[in-house]
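Working notes for the structure below.
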Amino acid sequence: MSFAESVKFFDGNKNIPQKLQLSCDLDLGYIQLGQPMNTLSGGEIQRIKLVREMTRCRGKKDLLYIFDEPTIGLHKLDIAKILSVMQRVIKDQNTIVLVEHHPDMILNSDYIIDLGPGGGRHDGEIVFEGTPSQMLSEGKTKTANYLREYLQTI
């Protein structure tokens, strides 16, 4: 049975549907109950961890969540779902730190710390820090240029 099917099956239970529905909100409804973790991608595992933490820590504030590229391999619509859930976490007065390259995630951030000036051994220095609007208007980094080009295509 998939997570999506399980939401209906466990409808009368107090705790189970909430976790399953949140999993579906993060576009994990296709995963089967009991599916081995080693069959899931890194992004799927991160989203399952987000569900676990959000349900376990419901009502708690001042928590710090750190995610490494949670959008890898996801469709733009799936990324919008992740953004929506992350905004709930932030609304509950928690903080999310992302290592991310997807422009939609960067543009929806409150604050950006851009490392550069390049990749690999040329990386690691802070080349920009500020809001997305500051990056778009003042930034001279590769990321700033990429974001400006991206915005022209949408």
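By convention here, the chains of the structure tokens are called A, B, ... in the order presented, each chain's residues are numbered starting at 1, and ligands are numbered starting at 1 in the order presented.
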
Please report as a Markdown table every residue of region 56-125 of chain A lying within 10 Å of region 38-50 of chain A, along with the nearest atom pair and their distance in Å (one decimal), using only C-alpha atoms.
```
| residue | atom | partner | partner_atom | distance |
| --- | --- | --- | --- | --- |
| A:Arg56 | CA | A:Leu50 | CA | 9.7 |
| A:Tyr65 | CA | A:Leu50 | CA | 8.4 |
| A:Ile66 | CA | A:Gln46 | CA | 9.7 |
| A:Phe67 | CA | A:Gln46 | CA | 7.2 |
| A:Asp68 | CA | A:Gln46 | CA | 8.3 |
| A:Glu69 | CA | A:Gly43 | CA | 7.4 |
| A:Pro70 | CA | A:Gly43 | CA | 4.9 |
| A:Thr71 | CA | A:Gly43 | CA | 6.4 |
| A:Ile72 | CA | A:Gly43 | CA | 6.4 |
| A:Gly73 | CA | A:Gly43 | CA | 8.0 |
| A:Leu74 | CA | A:Gly43 | CA | 8.4 |
| A:Ile82 | CA | A:Arg47 | CA | 8.2 |
| A:Val85 | CA | A:Leu50 | CA | 9.1 |
| A:Met86 | CA | A:Leu50 | CA | 8.9 |
| A:Val89 | CA | A:Leu50 | CA | 9.5 |
```

Only N, CA and C atoms, please: the residues just picked out, written as a compact mmCIF listing (two decimals), in the first residue's frame.
```txt
# COMPACT_ATOMS: atom_id res chain seq x y z
N ARG A 56 7.36 15.04 14.88
CA ARG A 56 7.93 14.81 16.21
C ARG A 56 8.07 16.11 16.98
N TYR A 65 17.05 23.19 10.99
CA TYR A 65 17.06 22.09 10.03
C TYR A 65 18.11 22.40 8.98
N ILE A 66 18.92 21.40 8.64
CA ILE A 66 19.95 21.57 7.62
C ILE A 66 19.70 20.52 6.53
N PHE A 67 19.57 21.00 5.28
CA PHE A 67 19.33 20.12 4.14
C PHE A 67 20.40 20.33 3.09
N ASP A 68 20.84 19.22 2.50
CA ASP A 68 21.84 19.26 1.45
C ASP A 68 21.18 18.85 0.14
N GLU A 69 20.93 19.82 -0.73
CA GLU A 69 20.37 19.60 -2.06
C GLU A 69 19.08 18.75 -2.05
N PRO A 70 18.06 19.17 -1.31
CA PRO A 70 16.84 18.36 -1.25
C PRO A 70 16.04 18.34 -2.56
N THR A 71 16.40 19.16 -3.53
CA THR A 71 15.62 19.23 -4.77
C THR A 71 16.24 18.47 -5.94
N ILE A 72 17.34 17.81 -5.71
CA ILE A 72 18.01 17.11 -6.82
C ILE A 72 17.06 16.11 -7.47
N GLY A 73 16.93 16.23 -8.78
CA GLY A 73 16.12 15.30 -9.56
C GLY A 73 14.62 15.53 -9.48
N LEU A 74 14.19 16.60 -8.86
CA LEU A 74 12.76 16.83 -8.71
C LEU A 74 12.22 17.75 -9.80
N ILE A 82 7.84 21.26 -1.78
CA ILE A 82 8.86 21.33 -0.72
C ILE A 82 8.92 22.74 -0.15
N VAL A 85 6.04 23.31 2.30
CA VAL A 85 6.23 22.67 3.60
C VAL A 85 7.33 23.38 4.39
N MET A 86 8.39 23.77 3.73
CA MET A 86 9.46 24.49 4.43
C MET A 86 8.97 25.83 4.96
N VAL A 89 7.43 25.24 8.23
CA VAL A 89 8.44 25.07 9.28
C VAL A 89 8.93 26.43 9.75
```

Excluding Glu125 (chain A) and any residue of its chain fewer than 6 positions from it, enumerate the residues within 9 Å of it, using only C-alpha atoms, and give them as a compact mmCIF listing (two decimals) with C-alpha atoms, in the first residue's frame.
```txt
# COMPACT_ATOMS: atom_id res chain seq x y z
CA ASP A 114 27.29 32.34 -1.90
CA LEU A 115 30.59 30.47 -1.91
CA GLY A 116 33.05 30.73 -4.76
CA PRO A 117 34.61 32.05 -6.84
```

| field | Selected residue, from A:Arg121, A:His75, A:His102, A:Lys61, that lies nearest to Ile90 (chain A) when counting only C-alpha atoms | value | A:Lys61

Which residues are near Phe3 (chain A)? Cut-off 8 Å, only C-alpha atoms, ignore same chain within fewer than 2 positions. Put them as a compact mmCIF listing (two decimals) with all heavy atoms, in the first residue's frame.
```
# COMPACT_ATOMS: atom_id res chain seq x y z
N MET A 1 0.85 -1.17 0.00
CA MET A 1 0.00 0.00 0.00
C MET A 1 0.90 1.24 0.00
O MET A 1 1.87 1.31 0.73
CB MET A 1 -0.87 -0.04 1.27
CG MET A 1 -1.85 1.07 1.37
SD MET A 1 -2.87 1.05 2.89
CE MET A 1 -3.45 -0.59 3.00
N GLU A 5 -2.44 5.85 -0.52
CA GLU A 5 -3.53 4.93 -0.21
C GLU A 5 -3.72 4.79 1.30
O GLU A 5 -4.84 4.66 1.79
CB GLU A 5 -3.26 3.55 -0.83
CG GLU A 5 -3.23 3.55 -2.34
CD GLU A 5 -2.60 2.29 -2.92
OE1 GLU A 5 -1.73 1.68 -2.28
OE2 GLU A 5 -3.01 1.95 -4.05
N SER A 6 -2.63 4.85 2.03
CA SER A 6 -2.67 4.68 3.48
C SER A 6 -3.36 5.84 4.20
O SER A 6 -3.94 5.65 5.26
CB SER A 6 -1.25 4.54 4.03
OG SER A 6 -0.61 3.45 3.43
N VAL A 7 -3.31 7.03 3.62
CA VAL A 7 -3.99 8.18 4.23
C VAL A 7 -5.46 7.86 4.39
O VAL A 7 -6.05 8.09 5.46
CB VAL A 7 -3.80 9.46 3.37
CG1 VAL A 7 -4.71 10.58 3.86
CG2 VAL A 7 -2.35 9.92 3.39
N LEU A 20 1.39 10.57 7.19
CA LEU A 20 1.22 10.13 5.81
C LEU A 20 0.82 11.28 4.90
O LEU A 20 1.32 11.40 3.79
CB LEU A 20 0.19 8.99 5.74
CG LEU A 20 0.61 7.69 6.41
CD1 LEU A 20 -0.57 6.75 6.52
CD2 LEU A 20 1.75 7.04 5.65
N GLN A 21 -0.07 12.16 5.38
CA GLN A 21 -0.50 13.29 4.57
C GLN A 21 0.66 14.24 4.32
O GLN A 21 0.84 14.75 3.21
CB GLN A 21 -1.66 14.04 5.22
CG GLN A 21 -2.21 15.17 4.36
CD GLN A 21 -2.68 14.69 3.00
OE1 GLN A 21 -3.52 13.81 2.90
NE2 GLN A 21 -2.13 15.26 1.93
N SER A 23 3.74 13.42 4.19
CA SER A 23 4.56 12.72 3.19
C SER A 23 4.01 12.96 1.79
O SER A 23 4.77 13.22 0.86
CB SER A 23 4.61 11.22 3.49
OG SER A 23 5.20 10.97 4.73
N CYS A 24 2.70 12.91 1.66
CA CYS A 24 2.07 13.16 0.36
C CYS A 24 2.25 14.61 -0.05
O CYS A 24 2.45 14.91 -1.23
CB CYS A 24 0.59 12.79 0.41
SG CYS A 24 0.31 11.00 0.58
N LEU A 28 5.65 12.35 -1.75
CA LEU A 28 6.16 11.01 -1.47
C LEU A 28 5.02 9.99 -1.43
O LEU A 28 5.20 8.88 -0.94
CB LEU A 28 6.91 11.01 -0.13
CG LEU A 28 8.16 11.87 -0.06
CD1 LEU A 28 8.68 11.95 1.37
CD2 LEU A 28 9.24 11.34 -0.99
N GLY A 29 3.85 10.36 -1.93
CA GLY A 29 2.69 9.49 -1.85
C GLY A 29 2.84 8.17 -2.56
O GLY A 29 2.16 7.20 -2.26
N TYR A 30 3.75 8.07 -3.49
CA TYR A 30 3.97 6.85 -4.27
C TYR A 30 4.80 5.81 -3.52
O TYR A 30 4.81 4.63 -3.89
CB TYR A 30 4.68 7.18 -5.59
CG TYR A 30 6.01 7.87 -5.38
CD1 TYR A 30 7.18 7.13 -5.24
CD2 TYR A 30 6.08 9.25 -5.30
CE1 TYR A 30 8.40 7.76 -5.03
CE2 TYR A 30 7.29 9.88 -5.09
CZ TYR A 30 8.44 9.14 -4.95
OH TYR A 30 9.64 9.77 -4.73
N ILE A 31 5.50 6.23 -2.45
CA ILE A 31 6.34 5.28 -1.70
C ILE A 31 5.45 4.27 -0.99
O ILE A 31 4.40 4.60 -0.46
CB ILE A 31 7.25 6.03 -0.72
CG1 ILE A 31 8.27 6.87 -1.50
CG2 ILE A 31 7.95 5.07 0.25
CD1 ILE A 31 9.19 7.70 -0.63
N GLN A 32 5.90 3.03 -0.97
CA GLN A 32 5.14 1.94 -0.35
C GLN A 32 5.48 1.83 1.14
O GLN A 32 6.65 2.01 1.52
CB GLN A 32 5.47 0.61 -1.04
CG GLN A 32 5.16 0.59 -2.52
CD GLN A 32 3.68 0.66 -2.80
OE1 GLN A 32 2.90 -0.12 -2.26
NE2 GLN A 32 3.28 1.60 -3.64
N LEU A 33 4.48 1.55 1.94
CA LEU A 33 4.74 1.29 3.36
C LEU A 33 5.68 0.09 3.45
O LEU A 33 5.50 -0.91 2.75
CB LEU A 33 3.44 0.97 4.11
CG LEU A 33 2.45 2.11 4.27
CD1 LEU A 33 1.19 1.60 4.96
CD2 LEU A 33 3.06 3.25 5.05
```

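Residue-level DSSP output for region 14-48 of chain A, from the backbone, shows alpha helix (DSSP H) at Ile16, Pro17, Gln18, Lys19, Leu20, Gln21, Leu22, Ser23, Cys24, Asp25, Gly42, Gly43, Glu44, Ile45, Gln46, Arg47 and Ile48 of chain A.
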
| Quick one: of A:Met135, A:Leu64, A:Lys19, A:Asp78, who's nearest to Ser109 (chain A), counting only C-alpha atoms? | A:Met135

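Atom to atom, CA of Leu151 (chain A) and CA of Glu138 (chain A) stand 15.4 Å apart.
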
| Counting only C-alpha atoms, what is within 12 Å of Leu136 (chain A), bar same-chain residues fewer than 3 positions away, as a list in words? | Pro103, Ile106, Leu107, Ile112, Phe128, Glu129, Gly130, Thr131, Pro132, Ser133, Gly139, Lys140, Thr141, Lys142, Thr143, Ala144, Asn145, Tyr146, Leu147, Arg148, Glu149, Tyr150, Leu151 and Gln152 of chain A

| task | May I ask for the distance between CA of Ala4 (chain A) and CA of Gly34 (chain A), given in Å to one decimal place? | result |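 Separation of CA of Ala4 (chain A) and CA of Gly34 (chain A): 13.6 Å.
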
| task | Looking only at strand (DSSP E) from DSSP on the backbone, list the matching residues of region 5-154 of chain A as number ranges by chain. | result | A: 64-68, 95-99, 112-116, 125-130

Residue subset to file, keeping N, CA, C and O atoms, as an mmCIF file, in the first residue's frame:
```
data_model
loop_
_atom_site.group_PDB
_atom_site.id
_atom_site.type_symbol
_atom_site.label_atom_id
_atom_site.label_comp_id
_atom_site.auth_asym_id
_atom_site.auth_seq_id
_atom_site.Cartn_x
_atom_site.Cartn_y
_atom_site.Cartn_z
ATOM 1 N N LEU A 64 16.646 24.098 14.272
ATOM 2 C CA LEU A 64 17.475 24.312 13.091
ATOM 3 C C LEU A 64 17.465 23.045 12.251
ATOM 4 O O LEU A 64 17.815 21.968 12.729
ATOM 5 N N TYR A 65 17.049 23.185 10.988
ATOM 6 C CA TYR A 65 17.056 22.088 10.032
ATOM 7 C C TYR A 65 18.108 22.397 8.979
ATOM 8 O O TYR A 65 18.164 23.511 8.462
ATOM 9 N N ILE A 66 18.925 21.398 8.641
ATOM 10 C CA ILE A 66 19.952 21.566 7.617
ATOM 11 C C ILE A 66 19.705 20.521 6.527
ATOM 12 O O ILE A 66 19.616 19.327 6.821
ATOM 13 N N PHE A 67 19.568 21.003 5.276
ATOM 14 C CA PHE A 67 19.326 20.116 4.141
ATOM 15 C C PHE A 67 20.400 20.331 3.090
ATOM 16 O O PHE A 67 20.781 21.451 2.797
ATOM 17 N N ASP A 68 20.840 19.223 2.504
ATOM 18 C CA ASP A 68 21.842 19.257 1.447
ATOM 19 C C ASP A 68 21.181 18.847 0.137
ATOM 20 O O ASP A 68 20.870 17.675 -0.068
ATOM 21 N N THR A 95 14.244 27.504 11.810
ATOM 22 C CA THR A 95 15.191 27.953 10.794
ATOM 23 C C THR A 95 15.576 26.789 9.901
ATOM 24 O O THR A 95 15.800 25.677 10.384
ATOM 25 N N ILE A 96 15.687 27.057 8.600
ATOM 26 C CA ILE A 96 16.156 26.061 7.646
ATOM 27 C C ILE A 96 17.396 26.606 6.950
ATOM 28 O O ILE A 96 17.392 27.724 6.447
ATOM 29 N N VAL A 97 18.436 25.803 6.926
ATOM 30 C CA VAL A 97 19.657 26.117 6.190
ATOM 31 C C VAL A 97 19.741 25.110 5.046
ATOM 32 O O VAL A 97 19.650 23.905 5.268
ATOM 33 N N LEU A 98 19.900 25.626 3.832
ATOM 34 C CA LEU A 98 19.969 24.771 2.648
ATOM 35 C C LEU A 98 21.309 24.925 1.951
ATOM 36 O O LEU A 98 21.793 26.038 1.787
ATOM 37 N N VAL A 99 21.868 23.829 1.542
ATOM 38 C CA VAL A 99 22.918 23.842 0.531
ATOM 39 C C VAL A 99 22.158 23.520 -0.737
ATOM 40 O O VAL A 99 21.585 22.435 -0.867
ATOM 41 N N ILE A 112 21.098 34.621 1.548
ATOM 42 C CA ILE A 112 21.984 33.795 0.730
ATOM 43 C C ILE A 112 23.422 34.023 1.165
ATOM 44 O O ILE A 112 23.854 35.159 1.355
ATOM 45 N N ILE A 113 24.141 32.922 1.288
ATOM 46 C CA ILE A 113 25.603 32.974 1.439
ATOM 47 C C ILE A 113 26.155 32.203 0.243
ATOM 48 O O ILE A 113 25.958 30.995 0.137
ATOM 49 N N ASP A 114 26.787 32.913 -0.656
ATOM 50 C CA ASP A 114 27.286 32.337 -1.900
ATOM 51 C C ASP A 114 28.778 32.079 -1.748
ATOM 52 O O ASP A 114 29.545 32.990 -1.420
ATOM 53 N N LEU A 115 29.182 30.834 -1.996
ATOM 54 C CA LEU A 115 30.593 30.466 -1.909
ATOM 55 C C LEU A 115 31.179 30.378 -3.310
ATOM 56 O O LEU A 115 30.512 29.965 -4.248
ATOM 57 N N GLY A 116 32.416 30.743 -3.446
ATOM 58 C CA GLY A 116 33.051 30.730 -4.765
ATOM 59 C C GLY A 116 34.525 30.983 -4.621
ATOM 60 O O GLY A 116 35.101 30.744 -3.576
ATOM 61 N N GLU A 125 35.318 30.422 -0.552
ATOM 62 C CA GLU A 125 35.331 31.787 -0.031
ATOM 63 C C GLU A 125 33.930 32.377 -0.153
ATOM 64 O O GLU A 125 33.217 32.105 -1.110
ATOM 65 N N ILE A 126 33.542 33.197 0.813
ATOM 66 C CA ILE A 126 32.258 33.880 0.714
ATOM 67 C C ILE A 126 32.412 35.005 -0.312
ATOM 68 O O ILE A 126 33.205 35.915 -0.126
ATOM 69 N N VAL A 127 31.652 34.900 -1.402
ATOM 70 C CA VAL A 127 31.730 35.909 -2.462
ATOM 71 C C VAL A 127 30.516 36.834 -2.448
ATOM 72 O O VAL A 127 30.517 37.872 -3.100
ATOM 73 N N PHE A 128 29.474 36.440 -1.718
ATOM 74 C CA PHE A 128 28.299 37.296 -1.555
ATOM 75 C C PHE A 128 27.507 36.815 -0.353
ATOM 76 O O PHE A 128 27.419 35.615 -0.099
ATOM 77 N N GLU A 129 26.922 37.763 0.365
ATOM 78 C CA GLU A 129 25.920 37.416 1.357
ATOM 79 C C GLU A 129 24.895 38.533 1.428
ATOM 80 O O GLU A 129 25.238 39.713 1.360
ATOM 81 N N GLY A 130 23.637 38.130 1.453
ATOM 82 C CA GLY A 130 22.543 39.086 1.477
ATOM 83 C C GLY A 130 21.246 38.444 1.024
ATOM 84 O O GLY A 130 21.150 37.227 0.888
#
```

| task | Go through A:Ser137, A:Thr55, A:Gln35, A:Gln87 and flag the residue nearest Ile16 (chain A), using only C-alpha atoms for the distances. | result | A:Thr55

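With only C-alpha atoms as the atoms that count, the minimum distance from Lys91 (chain A) to the choices A:Lys60, A:Asp104, A:His122, A:Gly12 is reached by A:Lys60.
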
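Of the residues under consideration (A:Asp110, A:Met54, A:Thr153, A:Asp123), A:Met54 shows the shortest atom-to-atom contact distance to Leu22 (chain A) when counting only C-alpha atoms.
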